>>> print(open('start_0.txt').read())   # compact mmCIF, C-alpha atoms
# COMPACT_ATOMS: atom_id res chain seq x y z
CA MET A 18 0.00 0.00 0.00
CA SER A 19 1.61 3.22 -1.11
CA ASN A 20 2.08 6.27 1.07
CA ASN A 21 1.74 8.45 -2.01
CA MET A 22 -1.90 9.39 -2.46
CA LYS A 23 -1.29 12.38 -4.74
CA ASN A 24 -2.80 10.57 -7.73
CA LEU A 25 -5.94 9.48 -5.90
CA ASP A 26 -9.10 11.12 -7.22
CA VAL A 27 -11.17 11.41 -4.04
CA SER A 28 -14.31 12.07 -6.09
CA ALA A 29 -13.99 8.52 -7.42
CA LEU A 30 -14.50 7.23 -3.89
CA GLY A 31 -18.11 8.45 -4.07
CA LYS A 32 -20.38 8.94 -1.10
CA VAL A 33 -18.79 7.29 1.93
CA ALA A 34 -20.41 6.06 5.14
CA VAL A 35 -18.16 5.88 8.19
CA LEU A 36 -19.75 3.14 10.28
CA MET A 37 -19.30 3.88 13.97
CA GLY A 38 -20.91 3.22 17.32
CA GLY A 39 -22.98 0.10 16.86
CA HIS A 40 -24.23 -2.28 19.52
CA SER A 41 -21.06 -3.82 20.97
CA SER A 42 -19.41 -3.31 24.35
CA GLU A 43 -16.82 -1.22 22.48
CA ARG A 44 -19.36 1.35 21.27
CA GLU A 45 -17.70 4.25 23.09
CA VAL A 46 -14.30 3.60 21.51
CA SER A 47 -15.89 3.02 18.10
CA LEU A 48 -17.52 6.45 18.22
CA MET A 49 -14.12 8.01 18.95
CA SER A 50 -12.50 6.07 16.10
CA GLY A 51 -15.30 6.94 13.70
CA GLN A 52 -15.24 10.64 14.46
CA GLY A 53 -11.49 10.71 13.88
CA VAL A 54 -11.81 8.91 10.54
CA LEU A 55 -14.74 11.09 9.49
CA ALA A 56 -12.83 14.30 10.15
CA ALA A 57 -9.75 12.99 8.36
CA LEU A 58 -11.66 11.95 5.24
CA ARG A 59 -13.58 15.21 5.08
CA SER A 60 -10.33 17.16 5.41
CA GLN A 61 -9.17 15.41 2.23
CA GLY A 62 -12.30 16.31 0.29
CA VAL A 63 -14.10 12.97 0.65
CA ASP A 64 -17.90 13.09 0.74
CA ALA A 65 -18.01 11.25 4.07
CA HIS A 66 -20.93 10.90 6.50
CA ALA A 67 -21.37 9.35 9.95
CA PHE A 68 -23.56 6.25 10.10
CA ASP A 69 -24.42 4.49 13.38
CA PRO A 70 -25.95 1.01 12.87
CA ALA A 71 -27.49 1.29 16.34
CA GLU A 72 -29.55 4.24 15.13
CA GLN A 73 -30.14 3.46 11.46
CA ASP A 74 -30.93 0.25 9.60
CA LEU A 75 -28.02 -0.95 7.47
CA GLY A 76 -30.40 -1.34 4.55
CA SER A 77 -30.73 2.44 4.38
CA LEU A 78 -27.11 2.63 3.22
CA LYS A 79 -28.40 1.59 -0.19
CA THR A 80 -31.40 3.93 -0.24
CA GLN A 81 -29.19 6.84 0.89
CA GLY A 82 -26.87 6.22 -2.06
CA PHE A 83 -23.64 5.30 -0.31
CA ASP A 84 -20.92 3.95 -2.60
CA ARG A 85 -18.58 2.48 0.01
CA CYS A 86 -18.16 2.11 3.77
CA PHE A 87 -15.27 2.72 6.12
CA ILE A 88 -15.85 0.30 8.99
CA ALA A 89 -14.83 1.95 12.27
CA LEU A 90 -16.92 -0.47 14.33
CA HIS A 91 -15.17 -2.57 16.97
CA GLY A 92 -16.16 -5.85 18.56
CA ARG A 93 -19.15 -8.05 17.89
CA LEU A 94 -21.85 -6.96 15.44
CA GLY A 95 -19.29 -4.87 13.62
CA GLU A 96 -15.91 -6.57 13.43
CA ASP A 97 -17.11 -10.18 13.43
CA GLY A 98 -18.35 -10.67 9.86
CA THR A 99 -22.00 -9.77 10.51
CA VAL A 100 -21.87 -6.24 9.12
CA GLN A 101 -19.50 -7.42 6.40
CA GLY A 102 -22.07 -10.02 5.34
CA ALA A 103 -24.84 -7.41 5.22
CA LEU A 104 -22.69 -5.16 3.06
CA GLU A 105 -21.97 -8.07 0.73
CA LEU A 106 -25.72 -8.53 0.23
CA LEU A 107 -26.16 -4.79 -0.31
CA GLY A 108 -23.27 -4.76 -2.78
CA ILE A 109 -21.50 -1.88 -1.02
CA PRO A 110 -17.68 -2.21 -0.84
CA TYR A 111 -16.21 -1.92 2.65
CA THR A 112 -12.83 -1.57 4.31
CA GLY A 113 -10.91 -4.36 5.98
CA SER A 114 -11.28 -8.11 5.96
CA GLY A 115 -14.12 -10.06 4.39
CA VAL A 116 -16.82 -12.12 6.06
CA MET A 117 -14.89 -15.29 6.88
CA ALA A 118 -11.64 -13.66 8.00
CA SER A 119 -13.53 -11.15 10.15
CA SER A 120 -15.54 -13.92 11.77
CA ILE A 121 -12.52 -16.12 12.49
CA ALA A 122 -10.35 -13.29 13.79
CA MET A 123 -13.07 -12.21 16.24
CA ASP A 124 -13.06 -15.73 17.70
CA LYS A 125 -9.79 -15.97 19.64
CA VAL A 126 -10.05 -19.75 19.98
CA MET A 127 -10.60 -20.42 16.27
CA THR A 128 -7.76 -18.02 15.50
CA LYS A 129 -5.42 -19.85 17.86
CA ARG A 130 -6.40 -23.24 16.43
CA ILE A 131 -5.55 -22.12 12.91
CA TRP A 132 -2.31 -20.47 13.97
CA ARG A 133 -1.25 -23.54 15.93
CA PHE A 134 -2.06 -25.79 12.92
CA GLU A 135 0.06 -23.52 10.70
CA GLY A 136 2.98 -23.70 13.13
CA LEU A 137 2.65 -20.14 14.39
CA PRO A 138 3.48 -19.53 18.07
CA THR A 139 0.56 -18.76 20.39
CA PRO A 140 0.18 -19.41 24.14
CA ASP A 141 -1.47 -22.64 25.33
CA TRP A 142 -5.14 -22.37 26.24
CA ARG A 143 -8.25 -24.08 27.55
CA MET A 144 -11.93 -23.41 26.95
CA VAL A 145 -13.98 -23.41 30.14
CA ALA A 146 -17.71 -23.52 30.88
CA ASN A 147 -17.76 -22.80 34.63
CA ALA A 148 -15.66 -21.78 37.62
CA GLU A 149 -14.59 -25.36 38.38
CA GLU A 150 -13.17 -25.79 34.86
CA THR A 151 -11.38 -22.46 35.28
CA VAL A 152 -9.64 -23.82 38.39
CA ALA A 153 -8.67 -26.94 36.42
CA ALA A 154 -7.31 -24.76 33.62
CA LEU A 155 -5.16 -22.87 36.13
CA SER A 156 -3.74 -26.17 37.33
CA ALA A 157 -2.96 -27.21 33.74
CA LEU A 158 -1.63 -23.90 32.42
CA GLY A 159 0.01 -22.61 35.58
CA ALA A 160 -0.15 -19.23 37.28
CA PRO A 161 -0.52 -16.51 36.30
CA MET A 162 -3.25 -17.19 33.74
CA ILE A 163 -5.41 -14.89 31.63
CA VAL A 164 -9.20 -15.40 31.66
CA LYS A 165 -11.12 -13.53 28.96
CA PRO A 166 -14.13 -13.71 26.64
CA ALA A 167 -13.39 -15.72 23.51
CA ARG A 168 -15.10 -13.15 21.25
CA ASP A 169 -14.58 -9.60 22.48
CA GLY A 170 -11.88 -6.95 22.29
CA SER A 171 -10.22 -4.00 24.03
CA SER A 172 -9.43 -6.24 27.04
CA MET A 173 -13.10 -6.20 28.02
CA GLY A 174 -13.87 -8.82 30.69
CA LEU A 175 -10.21 -9.82 31.09
CA THR A 176 -8.65 -10.94 34.39
CA LYS A 177 -5.10 -11.98 35.25
CA VAL A 178 -5.49 -14.84 37.72
CA THR A 179 -2.70 -15.72 40.12
CA ASP A 180 -4.58 -17.93 42.58
CA ALA A 181 -7.42 -20.47 42.41
CA SER A 182 -9.51 -18.28 44.71
CA GLN A 183 -9.79 -15.72 41.89
CA CYS A 184 -11.11 -18.17 39.28
CA ALA A 185 -14.84 -17.91 40.04
CA ALA A 186 -14.89 -14.11 39.80
CA ALA A 187 -12.69 -14.14 36.70
CA TYR A 188 -14.97 -16.63 34.96
CA ALA A 189 -18.10 -14.69 35.94
CA LEU A 190 -16.66 -11.44 34.55
CA ALA A 191 -15.64 -12.98 31.22
CA ALA A 192 -18.99 -14.79 30.91
CA LYS A 193 -20.79 -11.42 31.17
CA TYR A 194 -19.35 -10.58 27.74
CA ASP A 195 -19.49 -13.98 26.03
CA ASP A 196 -20.81 -17.45 26.72
CA GLU A 197 -17.46 -18.84 25.53
CA VAL A 198 -14.63 -18.20 27.99
CA LEU A 199 -10.95 -18.65 27.20
CA CYS A 200 -8.20 -19.38 29.69
CA GLU A 201 -4.76 -18.59 28.29
CA GLN A 202 -1.24 -19.21 29.50
CA PHE A 203 0.32 -15.94 30.61
CA ILE A 204 3.51 -15.01 28.80
CA GLU A 205 5.77 -12.92 31.00
CA GLY A 206 7.79 -10.42 29.04
CA GLU A 207 7.47 -7.42 26.74
CA GLU A 208 4.20 -6.52 25.07
CA THR A 209 4.25 -5.42 21.44
CA THR A 210 1.80 -4.84 18.63
CA CYS A 211 2.32 -4.80 14.89
CA ALA A 212 0.01 -3.45 12.18
CA VAL A 213 -0.32 -4.83 8.66
CA LEU A 214 -1.53 -3.04 5.53
CA GLY A 215 -2.45 -4.63 2.21
CA GLU A 216 -3.47 -8.09 1.10
CA GLY A 217 -1.96 -11.43 0.20
CA ALA A 218 1.65 -11.38 -0.94
CA ALA A 219 1.55 -7.56 -0.94
CA ALA A 220 0.59 -7.33 2.74
CA ARG A 221 3.38 -5.74 4.76
CA ALA A 222 3.96 -5.07 8.40
CA LEU A 223 4.45 -1.57 9.76
CA PRO A 224 7.06 -0.83 12.46
CA VAL A 225 6.56 -2.72 15.73
CA ILE A 226 5.31 -0.77 18.75
CA ARG A 227 6.55 -1.77 22.22
CA ILE A 228 3.99 -1.09 24.96
CA VAL A 229 4.91 -0.30 28.56
CA ALA A 230 1.79 -0.06 30.73
CA PRO A 231 1.65 0.69 34.49
CA ASP A 232 2.41 -2.56 36.34
CA GLY A 233 2.04 -4.34 33.00
CA ASN A 234 -1.71 -3.63 33.09
CA TYR A 235 -2.68 -2.69 29.53
CA ASP A 236 -6.41 -2.73 30.21
CA TYR A 237 -9.38 -0.85 28.69
CA GLN A 238 -8.75 2.27 30.76
CA ASN A 239 -5.03 2.41 30.02
CA LYS A 240 -5.64 1.74 26.33
CA TYR A 241 -8.01 4.63 25.69
CA PHE A 242 -8.46 7.00 28.60
CA THR A 243 -5.11 7.66 30.29
CA ASP A 244 -1.73 8.98 29.24
CA VAL A 245 0.35 6.84 31.57
CA THR A 246 0.99 4.00 29.10
CA GLN A 247 4.23 4.41 27.14
CA TYR A 248 4.44 3.53 23.45
CA HIS A 249 7.84 3.07 21.85
CA CYS A 250 7.98 3.34 18.05
CA PRO A 251 10.71 2.75 17.00
CA SER A 252 10.37 -0.16 19.38
CA GLY A 253 13.95 -0.19 20.61
CA LEU A 254 14.05 -3.95 20.07
CA PRO A 255 17.05 -5.59 18.39
CA ALA A 256 16.63 -5.44 14.61
CA GLU A 257 16.41 -9.22 14.27
CA GLU A 258 13.62 -9.39 16.87
CA GLU A 259 11.63 -6.67 15.12
CA LEU A 260 12.00 -8.43 11.75
CA ARG A 261 10.96 -11.75 13.28
CA ILE A 262 7.81 -10.23 14.80
CA GLN A 263 6.93 -8.53 11.51
CA SER A 264 7.40 -11.78 9.60
CA ILE A 265 5.23 -13.77 12.05
CA VAL A 266 2.49 -11.12 12.01
CA GLU A 267 2.42 -10.99 8.20
CA LYS A 268 2.04 -14.78 8.09
CA ALA A 269 -0.64 -14.70 10.80
CA PHE A 270 -2.55 -12.06 8.79
CA ARG A 271 -2.34 -14.02 5.52
CA THR A 272 -3.14 -17.36 7.18
CA LEU A 273 -6.54 -16.06 8.33
CA GLY A 274 -7.24 -14.54 4.91
CA CYS A 275 -7.24 -10.98 6.24
CA ARG A 276 -7.05 -8.02 3.90
CA GLY A 277 -6.90 -4.23 3.92
CA TRP A 278 -5.49 -3.68 7.36
CA GLY A 279 -5.20 -5.23 10.79
CA ARG A 280 -3.10 -5.32 13.93
CA ALA A 281 -1.73 -8.29 15.86
CA ASP A 282 -0.66 -8.33 19.52
CA VAL A 283 2.55 -10.20 20.30
CA MET A 284 4.26 -11.00 23.61
CA ILE A 285 8.02 -11.54 23.78
CA ARG A 286 8.78 -14.13 26.44
CA LYS A 287 11.36 -12.80 28.89
CA SER A 288 13.11 -16.13 29.44
CA ASP A 289 14.14 -16.78 25.83
CA ARG A 290 12.85 -13.78 23.77
CA ALA A 291 10.44 -16.05 21.88
CA PRO A 292 7.43 -14.22 20.34
CA PHE A 293 3.84 -15.40 20.92
CA LEU A 294 0.79 -14.24 18.97
CA LEU A 295 -2.14 -13.32 21.23
CA GLU A 296 -4.84 -12.13 18.81
CA ILE A 297 -5.48 -10.10 15.69
CA ASN A 298 -7.81 -7.14 15.20
CA THR A 299 -9.37 -6.67 11.77
CA SER A 300 -10.90 -3.26 12.58
CA PRO A 301 -8.35 -1.64 14.89
CA GLY A 302 -8.89 1.54 16.84
CA MET A 303 -8.37 4.91 15.19
CA THR A 304 -8.55 7.12 18.29
CA GLY A 305 -5.97 9.56 19.60
CA HIS A 306 -4.45 6.67 21.60
CA SER A 307 -4.60 4.11 18.79
CA LEU A 308 -1.62 2.19 17.54
CA VAL A 309 -2.03 1.74 13.78
CA PRO A 310 -1.85 5.53 13.19
CA MET A 311 1.21 5.63 15.47
CA ALA A 312 2.99 2.95 13.43
CA ALA A 313 2.01 4.69 10.19
CA ARG A 314 3.51 7.96 11.43
CA ALA A 315 6.81 6.15 11.95
CA GLU A 316 6.80 5.62 8.18
CA ALA A 317 5.88 9.27 7.51
CA MET A 318 2.27 8.38 6.72
CA SER A 319 -0.17 10.85 8.23
CA TYR A 320 -3.47 9.88 9.84
CA GLU A 321 -5.28 11.36 6.83
CA GLN A 322 -3.15 9.39 4.36
CA LEU A 323 -3.73 6.21 6.34
CA CYS A 324 -7.51 6.70 6.24
CA LEU A 325 -7.45 7.39 2.50
CA ASN A 326 -5.26 4.34 1.85
CA ILE A 327 -7.59 2.07 3.77
CA LEU A 328 -10.71 3.54 2.14
CA ALA A 329 -9.27 3.30 -1.38
CA GLU A 330 -8.93 -0.48 -0.95
CA ALA A 331 -12.55 -1.03 0.09
CA THR A 332 -13.93 -4.05 -1.75
CA LEU A 333 -16.31 -7.03 -1.59
CA ASP A 334 -15.66 -10.76 -1.20
CA CYS A 335 -17.71 -11.41 -4.33
CA VAL A 336 -15.47 -9.03 -6.35
CA HIS A 337 -12.41 -11.03 -5.32
CA LYS A 338 -14.06 -14.31 -6.31
CA THR A 339 -15.10 -12.90 -9.69
CA GLU A 340 -11.56 -11.61 -10.32
CA ARG A 341 -10.07 -15.03 -9.51
CA MET A 342 -12.50 -16.76 -11.90
CA ALA A 343 -11.83 -14.32 -14.76
>>> encode(input="start_0.txt", output="structure tokens")
Amino acid sequence: MSNNMKNLDVSALGKVAVLMGGHSSEREVSLMSGQGVLAALRSQGVDAHAFDPAEQDLGSLKTQGFDRCFIALHGRLGEDGTVQGALELLGIPYTGSGVMASSIAMDKVMTKRIWRFEGLPTPDWRMVANAEETVAALSALGAPMIVKPARDGSSMGLTKVTDASQCAAAYALAAKYDDEVLCEQFIEGEETTCAVLGEGAAARALPVIRIVAPDGNYDYQNKYFTDVTQYHCPSGLPAEEELRIQSIVEKAFRTLGCRGWGRADVMIRKSDRAPFLLEINTSPGMTGHSLVPMAARAEAMSYEQLCLNILAEATLDCVHKTERMA
């Protein structure tokens, strides 16, 4: 994906809906992302309009004459293939991954199963259905252990468990967000994230960001609403470690069939500097605290350029299938 957008005719992008808000637990963050994207696109002359699926029926996108959508929705009913499927039926091109990749990436367990099958490193895990199984998972995986919803984002419903006495409360919190609860081996070490732009063989990783949160607690509050978390980009990691993370993230992105853009979270294990993939986001945040714009800036790509790049590659699954058959 080129940084040079001088030759892009923004009028060719047509009337654009920036989908934001929605029904998920990440509605508040989505509204912040969407407003940022909307302002950026308008500043570049794009005919962009806010569209909240919680307040308007998606079918009205067609009747209102929208030509493409920038998806700034986060979480379920926005990032999980549901909205993507509706847009496929409406025939309106959209940003980011298609139906299947969006659905798989939202499900942390399915993602981990595919990555593990493909030989990509990801922490061990157990699925649990109650507090007793959570205690058993702690015994199998060891302490500390992460308990979280299998299909939610922004660290919603996540608990770091260090003792069996915490398992019941941790399970109950995660189960509030999803009926599938994931227990994951905790990887002690440095937390990083790496964005990817493009598709297929052309997909490329942006510079790695190293995250230093207070007491290692990179939770919902520290992600979006405080300024105490430190972000290092350039990462300060040895060059070979950065290249290894970028290579793993590019493969993880392609393996799931992602396209357009995304961001994967990677832990570097302190004991041996081995990287472990945690999850991948197919509609990452675009707020003032968000990480994809930060990585883009490290390559001299402005927030506005990033938004235009992503929007220009809006497409449909059916278009890709037709192109492959031609």
>>> closest_atom_pairs(input="start_0.txt", of="range 81-110 of chain A", to="range 46-64 of chain A", cutoff="7 Å", atoms="all atoms listed in the file", output="CSV")
residue,atom,partner,partner_atom,distance
A:Ala89,CA,A:Gly51,CA,5.2
A:Leu90,CA,A:Ser47,CA,5.2
A:His91,CA,A:Ser47,CA,5.7
>>> residues_around(input="start_0.txt", residues="Leu175 in chain A", least_positions_apart="3", cutoff="6 Å", atoms="only C-alpha atoms", output="PDB file with C-alpha atoms, keeping the file's coordinate frame")
ATOM      1  CA  VAL A 164      -9.200 -15.400  31.660  1.00  0.00           C
ATOM      2  CA  LYS A 165     -11.120 -13.530  28.960  1.00  0.00           C
ATOM      3  CA  SER A 172      -9.430  -6.240  27.040  1.00  0.00           C
TER       4      SER A 172
END
>>> atom_distance(input="start_0.txt", atom1="CA of Gly39 in chain A", atom2="CA of Thr304 in chain A")
16.1 Å
>>> closest_residue(input="start_0.txt", among="A:Lys79, A:Arg221, A:Lys268, A:His40", to="Glu135 in chain A", atoms="all atoms listed in the file")
A:Lys268
>>> residues_around(input="start_0.txt", residues="Arg290 in chain A", least_positions_apart="3", cutoff="12 Å", atoms="all atoms listed in the file", output="PDB file with C-alpha atoms, in the coordinates of the input")
ATOM      1  CA  ILE A 204       3.510 -15.010  28.800  1.00  0.00           C
ATOM      2  CA  GLU A 205       5.770 -12.920  31.000  1.00  0.00           C
ATOM      3  CA  GLY A 206       7.790 -10.420  29.040  1.00  0.00           C
ATOM      4  CA  GLU A 207       7.470  -7.420  26.740  1.00  0.00           C
ATOM      5  CA  GLU A 208       4.200  -6.520  25.070  1.00  0.00           C
ATOM      6  CA  LEU A 254      14.050  -3.950  20.070  1.00  0.00           C
ATOM      7  CA  PRO A 255      17.050  -5.590  18.390  1.00  0.00           C
ATOM      8  CA  GLU A 257      16.410  -9.220  14.270  1.00  0.00           C
ATOM      9  CA  GLU A 258      13.620  -9.390  16.870  1.00  0.00           C
ATOM     10  CA  GLU A 259      11.630  -6.670  15.120  1.00  0.00           C
ATOM     11  CA  ARG A 261      10.960 -11.750  13.280  1.00  0.00           C
ATOM     12  CA  ILE A 262       7.810 -10.230  14.800  1.00  0.00           C
ATOM     13  CA  VAL A 283       2.550 -10.200  20.300  1.00  0.00           C
ATOM     14  CA  MET A 284       4.260 -11.000  23.610  1.00  0.00           C
ATOM     15  CA  ILE A 285       8.020 -11.540  23.780  1.00  0.00           C
ATOM     16  CA  ARG A 286       8.780 -14.130  26.440  1.00  0.00           C
ATOM     17  CA  LYS A 287      11.360 -12.800  28.890  1.00  0.00           C
ATOM     18  CA  PHE A 293       3.840 -15.400  20.920  1.00  0.00           C
TER      19      PHE A 293
END
>>> closest_residue(input="start_0.txt", among="A:Ala222, A:Val35, A:Trp132, A:Gly279", to="Gly302 in chain A", atoms="all atoms listed in the file")
A:Gly279
>>> atom_distance(input="start_0.txt", atom1="CA of Asp334 in chain A", atom2="CA of Glu45 in chain A")
28.6 Å
>>> closest_residue(input="start_0.txt", among="A:Gly76, A:Lys32, A:Ile121, A:Ser42", to="Lys193 in chain A", atoms="all atoms listed in the file")
A:Ser42
>>> residues_around(input="start_0.txt", residues="range 156-163 of chain A", least_positions_apart="4", cutoff="8 Å", atoms="only C-alpha atoms", output="PyMOL selection string")
chain A and resi 141-142+152+175-180+200-203
>>> decode(input="start_0.txt", residues="range 106-116 of chain A", atoms="all heavy atoms", output="PDB file, in the first residue's frame")
ATOM      1  N   LEU A 106     -24.377  -8.403   0.811  1.00  0.00           N
ATOM      2  CA  LEU A 106     -25.719  -8.526   0.231  1.00  0.00           C
ATOM      3  C   LEU A 106     -26.181  -7.218  -0.386  1.00  0.00           C
ATOM      4  O   LEU A 106     -26.874  -7.209  -1.412  1.00  0.00           O
ATOM      5  CB  LEU A 106     -26.711  -8.983   1.299  1.00  0.00           C
ATOM      6  CG  LEU A 106     -26.521 -10.414   1.813  1.00  0.00           C
ATOM      7  CD1 LEU A 106     -27.450 -10.684   2.996  1.00  0.00           C
ATOM      8  CD2 LEU A 106     -26.789 -11.426   0.698  1.00  0.00           C
ATOM      9  N   LEU A 107     -25.783  -6.103   0.220  1.00  0.00           N
ATOM     10  CA  LEU A 107     -26.158  -4.792  -0.313  1.00  0.00           C
ATOM     11  C   LEU A 107     -25.296  -4.395  -1.511  1.00  0.00           C
ATOM     12  O   LEU A 107     -25.645  -3.472  -2.256  1.00  0.00           O
ATOM     13  CB  LEU A 107     -26.025  -3.725   0.784  1.00  0.00           C
ATOM     14  CG  LEU A 107     -27.023  -3.804   1.939  1.00  0.00           C
ATOM     15  CD1 LEU A 107     -26.616  -2.851   3.055  1.00  0.00           C
ATOM     16  CD2 LEU A 107     -28.438  -3.484   1.450  1.00  0.00           C
ATOM     17  N   GLY A 108     -24.165  -5.079  -1.668  1.00  0.00           N
ATOM     18  CA  GLY A 108     -23.273  -4.759  -2.776  1.00  0.00           C
ATOM     19  C   GLY A 108     -22.487  -3.472  -2.574  1.00  0.00           C
ATOM     20  O   GLY A 108     -22.107  -2.810  -3.543  1.00  0.00           O
ATOM     21  N   ILE A 109     -22.229  -3.111  -1.328  1.00  0.00           N
ATOM     22  CA  ILE A 109     -21.499  -1.881  -1.019  1.00  0.00           C
ATOM     23  C   ILE A 109     -20.096  -2.247  -0.525  1.00  0.00           C
ATOM     24  O   ILE A 109     -19.957  -2.865   0.533  1.00  0.00           O
ATOM     25  CB  ILE A 109     -22.232  -1.052   0.053  1.00  0.00           C
ATOM     26  CG1 ILE A 109     -23.649  -0.694  -0.412  1.00  0.00           C
ATOM     27  CG2 ILE A 109     -21.440   0.222   0.368  1.00  0.00           C
ATOM     28  CD1 ILE A 109     -24.479   0.023   0.638  1.00  0.00           C
ATOM     29  N   PRO A 110     -19.045  -1.895  -1.271  1.00  0.00           N
ATOM     30  CA  PRO A 110     -17.680  -2.207  -0.842  1.00  0.00           C
ATOM     31  C   PRO A 110     -17.360  -1.613   0.530  1.00  0.00           C
ATOM     32  O   PRO A 110     -17.829  -0.528   0.873  1.00  0.00           O
ATOM     33  CB  PRO A 110     -16.818  -1.557  -1.938  1.00  0.00           C
ATOM     34  CG  PRO A 110     -17.713  -1.478  -3.134  1.00  0.00           C
ATOM     35  CD  PRO A 110     -19.081  -1.219  -2.579  1.00  0.00           C
ATOM     36  N   TYR A 111     -16.530  -2.331   1.286  1.00  0.00           N
ATOM     37  CA  TYR A 111     -16.205  -1.916   2.650  1.00  0.00           C
ATOM     38  C   TYR A 111     -14.730  -2.150   2.930  1.00  0.00           C
ATOM     39  O   TYR A 111     -14.058  -2.928   2.242  1.00  0.00           O
ATOM     40  CB  TYR A 111     -17.061  -2.692   3.663  1.00  0.00           C
ATOM     41  CG  TYR A 111     -16.978  -4.199   3.510  1.00  0.00           C
ATOM     42  CD1 TYR A 111     -16.022  -4.938   4.206  1.00  0.00           C
ATOM     43  CD2 TYR A 111     -17.857  -4.876   2.655  1.00  0.00           C
ATOM     44  CE1 TYR A 111     -15.947  -6.315   4.056  1.00  0.00           C
ATOM     45  CE2 TYR A 111     -17.784  -6.252   2.503  1.00  0.00           C
ATOM     46  CZ  TYR A 111     -16.825  -6.968   3.197  1.00  0.00           C
ATOM     47  OH  TYR A 111     -16.735  -8.334   3.045  1.00  0.00           O
ATOM     48  N   THR A 112     -14.230  -1.464   3.938  1.00  0.00           N
ATOM     49  CA  THR A 112     -12.825  -1.572   4.307  1.00  0.00           C
ATOM     50  C   THR A 112     -12.571  -2.821   5.147  1.00  0.00           C
ATOM     51  O   THR A 112     -13.455  -3.346   5.802  1.00  0.00           O
ATOM     52  CB  THR A 112     -12.380  -0.342   5.108  1.00  0.00           C
ATOM     53  OG1 THR A 112     -13.224  -0.199   6.267  1.00  0.00           O
ATOM     54  CG2 THR A 112     -12.479   0.919   4.270  1.00  0.00           C
ATOM     55  N   GLY A 113     -11.327  -3.268   5.114  1.00  0.00           N
ATOM     56  CA  GLY A 113     -10.907  -4.358   5.982  1.00  0.00           C
ATOM     57  C   GLY A 113     -11.222  -5.738   5.443  1.00  0.00           C
ATOM     58  O   GLY A 113     -11.551  -5.927   4.261  1.00  0.00           O
ATOM     59  N   SER A 114     -11.138  -6.710   6.328  1.00  0.00           N
ATOM     60  CA  SER A 114     -11.276  -8.110   5.959  1.00  0.00           C
ATOM     61  C   SER A 114     -12.703  -8.474   5.574  1.00  0.00           C
ATOM     62  O   SER A 114     -13.659  -7.798   5.958  1.00  0.00           O
ATOM     63  CB  SER A 114     -10.816  -9.002   7.116  1.00  0.00           C
ATOM     64  OG  SER A 114      -9.422  -8.865   7.330  1.00  0.00           O
ATOM     65  N   GLY A 115     -12.827  -9.568   4.822  1.00  0.00           N
ATOM     66  CA  GLY A 115     -14.119 -10.062   4.389  1.00  0.00           C
ATOM     67  C   GLY A 115     -14.850 -10.821   5.487  1.00  0.00           C
ATOM     68  O   GLY A 115     -14.433 -10.838   6.655  1.00  0.00           O
ATOM     69  N   VAL A 116     -15.931 -11.481   5.092  1.00  0.00           N
ATOM     70  CA  VAL A 116     -16.825 -12.121   6.057  1.00  0.00           C
ATOM     71  C   VAL A 116     -16.115 -13.207   6.864  1.00  0.00           C
ATOM     72  O   VAL A 116     -16.137 -13.202   8.096  1.00  0.00           O
ATOM     73  CB  VAL A 116     -18.058 -12.707   5.341  1.00  0.00           C
ATOM     74  CG1 VAL A 116     -18.959 -13.438   6.326  1.00  0.00           C
ATOM     75  CG2 VAL A 116     -18.825 -11.605   4.619  1.00  0.00           C
TER      76      VAL A 116
END
